[in-house]
Amino acid sequence: MWKFVVRRILIMIPQLVVLSILVFILAKVMPGDALSGLVETPGVDSSTIEDMRTTLGINDPVHVQYLNWIKGLSQGDLGTSYIHQRPVLELLEARLWNTVYLSAAILFLTYLIAIPLGITAGRFHDSLIDKLIVGYNYITYATPLFIFALLMLFVFGFQLQWFPTGGSADINLEPGTFSYYMDKIYHLLLPALSGALLATVGTIQYLRNEIIDTKMKDFIKTAKSKGVPEAKIYSHHILRNSFLPIAAFLGYEITGLITGSIFLESIFSYPGIGQLFLQSISQRDFSVVTALVMVTGVATLIGTLLSDIILSLVDPRIRVE
Amino acid sequence: MSVESSTSAEIPSNKLTGLKIMFNEFKKDKLAIASVIILLIIFISVFAGALILDQEEVVRVDLFSIYSPPTSEHLLGTDYGGRDILGQLIIGAKNSIIIGFVITVITGVFGFAIGLISGYFGGIVDNIIMRIIDFIMILPFLMLVIVFITLIPKFNIVTFIMIMSAFLWVSNARLIRAKTLAEKELDYVSASKMLGASNIRIMYREILPNLTSIIIVNLTLSFAGNIGIESGLSFLGFGLPESTPSLGTLIGYSTNPEVLQGMWWIWLPPSLLILIMMLSINFIGQALKRSGDARQRLG
């Protein structure tokens, strides 16, 4: 067991290094820096700009810049946003939580929808209800998130006006109050539901296949012939085996959630890191872009690591001895 | 003598059975056949329409008919530059389909070749390739593609296809590697090896044909996926330049709430077109998958 964990962490270290080098190179090849826009500005001396570049470290040799950048990263210094004139970390923090809330809401709703549907489809497989659920799965698998989210916003946001069409909370409400939190949840619902309804495919399919496979196995037949009630067979014998991997898959979901947040936040004008990323890239605020790519890369790395480890706990076949 | 001739006569027909069974099964699936027909209608009208239309003419700005609702002159109305939506829809669909198709072919050829090599040779080759694939899989794909697109100075269709393909081949490679690993343990591979067949021959003439049904299914599904990714990027404004409209570009106009709320003719038709295309391609792919898998055949 420990061998697997150590080996898995050792694999992660080179990945982390290559990721950081890649992100750093990207940042370097970005055309111009935030100061090159000032060159043409009347009243700003070109030597002043050179001075500013030196203070910002833009004129240092490349490897020094890389090492400085890594050193900063390890201390939580993600650089300074040239556009906002604020530390990137500060900028990120506010937005990051919104994205975390959104992702958590998506995951919660996904399981809330997927688990009952998966169990029903598996338990009554080949029945009409199973066919409907499988049909729902085919459709959601094929539908692109941005089109679905747009249609949701159009129908429930603009036409029926059941939900707000943008933002993360009403600006008139006092942060910290009960109605403020309720309003936050209200703003979250439509984007989260749009994401969740399309994200159920994997879990439903997995649960359905697992249940269909497991219910043919000998230990289930034994339990049935002993007279264990059907409901108890499902709750105690079948689902116990199927649920653990679902929890383990959580870490793998991170990439999908980040990709989803870029589309969802841009469609619902929800102020999270996806929206921050798109804004920063169009403003060429490359320190923010770099930081975001790095942070999401690291988050994905850690997520996969956790999932791999949990899966190896659950399923001994994955472990290396 | 007679035994030999009869076995050699059977070989060519045996070679075909896998695919033949698959397509015979496929024909029984009504939904899949309907999808094929719908898709054919869309493809034919898009490509025929694109032949008649002049792209320059369609993307020309006409300030006298900005945001015109559907009229007899502009069947689906116009956008903020007075450009005809129907024309953009046809040209956009053509661009999206071609780009999706080219990316599918490139990632297919490259991914399958790498997967085959990795799975067949195993050992250190496999290890190195798999580490590279693992690394690409953990990268934040969408963010990096957007960064690359903004970085590249001469951004056009070719560079767009190359950037996308650089990330998208990995899942194909993984799939074929896993299947090759299983396949190479079978007796026919060791028999060929013993008879002195070259590695290339075993890989491409013997293992690969046995993976055909998986490859066809995979290519179909990734074709749909690639159209989705391309239009998604164009929707965000990081796909093709506006002079080469994509379906995503048209849908992207809806980021303006006024358009989303009041001018359905701009964003709804391309959205529905993508939706119908992706559903049809996916239904075809899923039907092929079922018919390639003996356990799931309809009988």
# chains A, B, ... in the order shown; residues from 1 in each chain; ligands from 1

$ interface_residues --of "chain B" --to "chain A" --cutoff "6 Å" --atoms "only C-alpha atoms" --output "list in words"
Leu139, Pro140, Leu151, Gly228, Met278 and Leu279 of chain B

$ write_last_selection --atoms "C-alpha atoms" --output "PDB file, in the first residue's frame"
ATOM      1  CA  LEU B 139      -2.869  19.704 -18.368  1.00  0.00           C
ATOM      2  CA  PRO B 140      -5.757  22.177 -18.250  1.00  0.00           C
ATOM      3  CA  LEU B 151       0.081  33.640 -28.414  1.00  0.00           C
ATOM      4  CA  GLY B 228     -18.276  20.519 -30.040  1.00  0.00           C
ATOM      5  CA  MET B 278     -23.871  16.052 -32.367  1.00  0.00           C
ATOM      6  CA  LEU B 279     -26.862  13.976 -31.316  1.00  0.00           C
TER       7      LEU B 279
END

$ residues_around --residues "segment 112-117 of chain B" --least-positions-apart "6" --cutoff "8 Å" --atoms "only C-alpha atoms" --output "ChimeraX atom specification"
/B:126,129,172-178,180,203,208

$ write_last_selection --atoms "N, CA, C and O atoms" --output "tab-separated table (two decimals), in the first residue's frame"
chain	number	residue	atom	x	y	z
B	126	ASP	N	6.98	1.86	-23.88
B	126	ASP	CA	5.65	2.06	-23.33
B	126	ASP	C	5.68	3.02	-22.14
B	126	ASP	O	4.86	3.93	-22.03
B	129	ILE	N	6.29	6.65	-23.34
B	129	ILE	CA	5.09	7.18	-24.01
B	129	ILE	C	3.97	7.41	-23.00
B	129	ILE	O	3.30	8.45	-23.02
B	172	ASN	N	-7.00	8.72	-27.86
B	172	ASN	CA	-6.94	7.66	-28.86
B	172	ASN	C	-5.78	6.72	-28.58
B	172	ASN	O	-5.93	5.50	-28.65
B	173	ALA	N	-4.62	7.30	-28.26
B	173	ALA	CA	-3.44	6.48	-28.01
B	173	ALA	C	-3.66	5.56	-26.82
B	173	ALA	O	-3.34	4.37	-26.86
B	174	ARG	N	-4.26	6.10	-25.77
B	174	ARG	CA	-4.52	5.28	-24.57
B	174	ARG	C	-5.43	4.12	-24.87
B	174	ARG	O	-5.20	3.00	-24.43
B	175	LEU	N	-6.49	4.41	-25.62
B	175	LEU	CA	-7.46	3.37	-25.93
B	175	LEU	C	-6.80	2.24	-26.71
B	175	LEU	O	-6.91	1.06	-26.35
B	176	ILE	N	-6.08	2.60	-27.79
B	176	ILE	CA	-5.50	1.58	-28.64
B	176	ILE	C	-4.38	0.84	-27.91
B	176	ILE	O	-4.20	-0.37	-28.09
B	177	ARG	N	-3.66	1.54	-27.06
B	177	ARG	CA	-2.62	0.87	-26.28
B	177	ARG	C	-3.23	-0.24	-25.43
B	177	ARG	O	-2.74	-1.38	-25.42
B	178	ALA	N	-4.31	0.10	-24.72
B	178	ALA	CA	-4.93	-0.89	-23.83
B	178	ALA	C	-5.40	-2.10	-24.64
B	178	ALA	O	-5.20	-3.25	-24.23
B	180	THR	N	-4.27	-3.09	-27.58
B	180	THR	CA	-3.11	-3.80	-28.13
B	180	THR	C	-2.47	-4.69	-27.08
B	180	THR	O	-2.07	-5.82	-27.36
B	203	MET	N	1.90	-5.61	-36.33
B	203	MET	CA	1.14	-4.48	-35.78
B	203	MET	C	0.07	-3.99	-36.75
B	203	MET	O	-1.08	-3.82	-36.38
B	208	LEU	N	-3.95	-4.44	-35.94
B	208	LEU	CA	-4.80	-3.29	-36.27
B	208	LEU	C	-6.15	-3.70	-36.88
B	208	LEU	O	-7.19	-3.19	-36.44

$ atom_distance --atom1 "atom CA of Glu185 of chain B" --atom2 "atom CA of Ser171 of chain B"
22.3 Å

$ closest_residue --among "B:Ser96, B:Thr78, B:Asn156, B:Asn282" --to "Thr220 of chain B" --atoms "only C-alpha atoms"
B:Asn282

$ select_by_dssp --residues "segment 58-296 of chain A" --states "helix (DSSP H, G or I)" --output "PyMOL selection string"
chain A and resi 62-74+88-123+128-142+145-159+178-199+201-214+218-226+230-267+273-282+286-296

$ residues_around --residues "Tyr186 of chain A" --least-positions-apart "2" --cutoff "9 Å" --atoms "only C-alpha atoms" --output "MDAnalysis selection string"
chainID A and resid 163:164 168:169 181:184 188:190

$ write_last_selection --atoms "C-alpha atoms" --output "PDB file, in the first residue's frame"
ATOM      1  CA  PHE A 163     -33.611  32.765 -11.896  1.00  0.00           C
ATOM      2  CA  PRO A 164     -31.213  35.742 -11.975  1.00  0.00           C
ATOM      3  CA  SER A 168     -23.036  35.891  -7.817  1.00  0.00           C
ATOM      4  CA  ALA A 169     -25.145  37.926  -5.387  1.00  0.00           C
ATOM      5  CA  TYR A 181     -26.214  33.688   1.553  1.00  0.00           C
ATOM      6  CA  MET A 182     -29.642  32.689   0.293  1.00  0.00           C
ATOM      7  CA  ASP A 183     -29.185  35.072  -2.626  1.00  0.00           C
ATOM      8  CA  LYS A 184     -25.793  33.537  -3.362  1.00  0.00           C
ATOM      9  CA  LEU A 188     -25.733  29.521  -8.093  1.00  0.00           C
ATOM     10  CA  LEU A 189     -28.697  27.296  -8.872  1.00  0.00           C
ATOM     11  CA  LEU A 190     -29.137  27.802 -12.589  1.00  0.00           C
TER      12      LEU A 190
END

$ residues_around --residues "Leu92 of chain A" --least-positions-apart "3" --cutoff "12 Å" --atoms "only C-alpha atoms" --output "VMD selection string"
chain A and resid 76 to 81 84 86 to 89 95 to 100 271 to 277 280 287 to 293 295 to 296

$ residues_around --residues "Ile38 of chain B" --least-positions-apart "4" --cutoff "9 Å" --atoms "only C-alpha atoms" --output "VMD selection string"
chain B and resid 33 to 34 42 to 43 276 to 277 280

$ residues_around --residues "Gly118 of chain A" --least-positions-apart "6" --cutoff "9 Å" --atoms "only C-alpha atoms" --output "list in words"
Asp130, Ile133, Thr203, Ile204, Gln205, Tyr206, Leu207, Arg208, Asn209 and Ile211 of chain A

$ write_last_selection --atoms "all heavy atoms" --output "tab-separated table (two decimals), in the first residue's frame"
chain	number	residue	atom	x	y	z
A	130	ASP	N	-35.71	2.17	-17.45
A	130	ASP	CA	-34.28	2.05	-17.76
A	130	ASP	C	-33.99	2.64	-19.13
A	130	ASP	O	-33.01	3.36	-19.32
A	130	ASP	CB	-33.87	0.58	-17.71
A	130	ASP	CG	-32.44	0.35	-18.17
A	130	ASP	OD1	-31.58	1.16	-17.76
A	130	ASP	OD2	-32.18	-0.60	-18.92
A	133	ILE	N	-33.89	6.34	-18.98
A	133	ILE	CA	-32.68	6.86	-18.34
A	133	ILE	C	-31.50	6.73	-19.29
A	133	ILE	O	-30.67	7.64	-19.42
A	133	ILE	CB	-32.41	6.12	-17.00
A	133	ILE	CG1	-33.52	6.46	-16.01
A	133	ILE	CG2	-31.05	6.50	-16.44
A	133	ILE	CD1	-33.48	5.66	-14.73
A	203	THR	N	-21.51	8.83	-13.92
A	203	THR	CA	-21.95	8.15	-12.72
A	203	THR	C	-23.12	7.22	-12.99
A	203	THR	O	-23.15	6.08	-12.51
A	203	THR	CB	-22.34	9.19	-11.65
A	203	THR	OG1	-21.31	10.17	-11.59
A	203	THR	CG2	-22.51	8.55	-10.31
A	204	ILE	N	-24.09	7.69	-13.78
A	204	ILE	CA	-25.24	6.83	-14.09
A	204	ILE	C	-24.77	5.57	-14.80
A	204	ILE	O	-25.12	4.45	-14.42
A	204	ILE	CB	-26.27	7.57	-14.97
A	204	ILE	CG1	-26.88	8.73	-14.21
A	204	ILE	CG2	-27.36	6.61	-15.44
A	204	ILE	CD1	-27.94	9.48	-14.98
A	205	GLN	N	-23.94	5.76	-15.83
A	205	GLN	CA	-23.47	4.61	-16.60
A	205	GLN	C	-22.70	3.63	-15.72
A	205	GLN	O	-22.92	2.42	-15.77
A	205	GLN	CB	-22.55	5.11	-17.71
A	205	GLN	CG	-22.20	4.04	-18.68
A	205	GLN	CD	-22.47	4.55	-20.08
A	205	GLN	OE1	-23.40	5.34	-20.28
A	205	GLN	NE2	-21.67	4.14	-21.03
A	206	TYR	N	-21.83	4.19	-14.87
A	206	TYR	CA	-21.02	3.34	-14.00
A	206	TYR	C	-21.90	2.54	-13.05
A	206	TYR	O	-21.79	1.32	-12.94
A	206	TYR	CB	-20.02	4.20	-13.21
A	206	TYR	CG	-19.35	3.43	-12.11
A	206	TYR	CD1	-18.28	2.60	-12.38
A	206	TYR	CD2	-19.82	3.50	-10.80
A	206	TYR	CE1	-17.69	1.87	-11.39
A	206	TYR	CE2	-19.24	2.77	-9.80
A	206	TYR	CZ	-18.17	1.95	-10.09
A	206	TYR	OH	-17.59	1.22	-9.10
A	207	LEU	N	-22.82	3.23	-12.36
A	207	LEU	CA	-23.68	2.56	-11.39
A	207	LEU	C	-24.54	1.50	-12.06
A	207	LEU	O	-24.68	0.38	-11.57
A	207	LEU	CB	-24.61	3.59	-10.73
A	207	LEU	CG	-24.23	4.06	-9.34
A	207	LEU	CD1	-25.28	5.01	-8.82
A	207	LEU	CD2	-24.07	2.88	-8.39
A	208	ARG	N	-25.10	1.84	-13.22
A	208	ARG	CA	-25.98	0.92	-13.92
A	208	ARG	C	-25.21	-0.35	-14.28
A	208	ARG	O	-25.65	-1.46	-13.98
A	208	ARG	CB	-26.53	1.60	-15.18
A	208	ARG	CG	-27.44	0.73	-15.99
A	208	ARG	CD	-28.01	1.48	-17.18
A	208	ARG	NE	-28.87	0.59	-17.96
A	208	ARG	CZ	-28.44	-0.15	-18.97
A	208	ARG	NH1	-27.17	-0.11	-19.32
A	208	ARG	NH2	-29.27	-0.94	-19.61
A	209	ASN	N	-24.02	-0.19	-14.90
A	209	ASN	CA	-23.23	-1.36	-15.27
A	209	ASN	C	-22.83	-2.19	-14.05
A	209	ASN	O	-22.91	-3.41	-14.07
A	209	ASN	CB	-21.96	-0.94	-16.02
A	209	ASN	CG	-22.28	-0.37	-17.38
A	209	ASN	OD1	-23.39	-0.56	-17.88
A	209	ASN	ND2	-21.33	0.34	-17.97
A	211	ILE	N	-24.29	-2.42	-11.14
A	211	ILE	CA	-25.42	-3.13	-10.53
A	211	ILE	C	-25.83	-4.32	-11.40
A	211	ILE	O	-26.06	-5.42	-10.89
A	211	ILE	CB	-26.59	-2.16	-10.30
A	211	ILE	CG1	-26.20	-1.18	-9.20
A	211	ILE	CG2	-27.85	-2.91	-9.92
A	211	ILE	CD1	-27.16	-0.05	-9.00

$ residues_around --residues "Leu236 of chain B" --least-positions-apart "2" --cutoff "8 Å" --atoms "only C-alpha atoms" --output "MDAnalysis selection string"
(chainID A and resid 263 266) or (chainID B and resid 232:234 238:239 248 252)

$ closest_residue --among "A:Asp51, A:Asp213, A:Glu253, A:Glu93" --to "His125 of chain A" --atoms "only C-alpha atoms"
A:Asp213

$ atom_distance --atom1 "atom CA of Ile163 of chain B" --atom2 "atom CA of Gly285 of chain B"
25.2 Å

$ atom_distance --atom1 "atom CA of Leu240 of chain B" --atom2 "atom CA of Phe160 of chain B"
7.5 Å

$ closest_residue --among "B:Ile215, B:Ile146, B:Ala166, B:Ile227" --to "Gln279 of chain A" --atoms "only C-alpha atoms"
B:Ile146

$ select_by_dssp --residues "segment 45-252 of chain A" --states "strand (DSSP E)" --output "VMD selection string"
chain A and resid 80 to 81 86 to 87

$ write_last_selection --atoms "N, CA and C atoms" --output "PDB file, in the first residue's frame"
ATOM      1  N   THR A  80       2.208  39.877  -9.505  1.00  0.00           N
ATOM      2  CA  THR A  80       1.327  41.033  -9.392  1.00  0.00           C
ATOM      3  C   THR A  80       0.586  41.225 -10.705  1.00  0.00           C
ATOM      4  N   SER A  81      -0.683  41.495 -10.598  1.00  0.00           N
ATOM      5  CA  SER A  81      -1.428  41.783 -11.817  1.00  0.00           C
ATOM      6  C   SER A  81      -1.085  43.188 -12.273  1.00  0.00           C
ATOM      7  N   ARG A  86      -2.618  44.755  -8.301  1.00  0.00           N
ATOM      8  CA  ARG A  86      -2.818  44.066  -7.014  1.00  0.00           C
ATOM      9  C   ARG A  86      -2.122  42.719  -7.104  1.00  0.00           C
ATOM     10  N   PRO A  87      -1.743  42.115  -5.946  1.00  0.00           N
ATOM     11  CA  PRO A  87      -1.173  40.767  -6.000  1.00  0.00           C
ATOM     12  C   PRO A  87      -2.180  39.789  -6.617  1.00  0.00           C
TER      13      PRO A  87
END
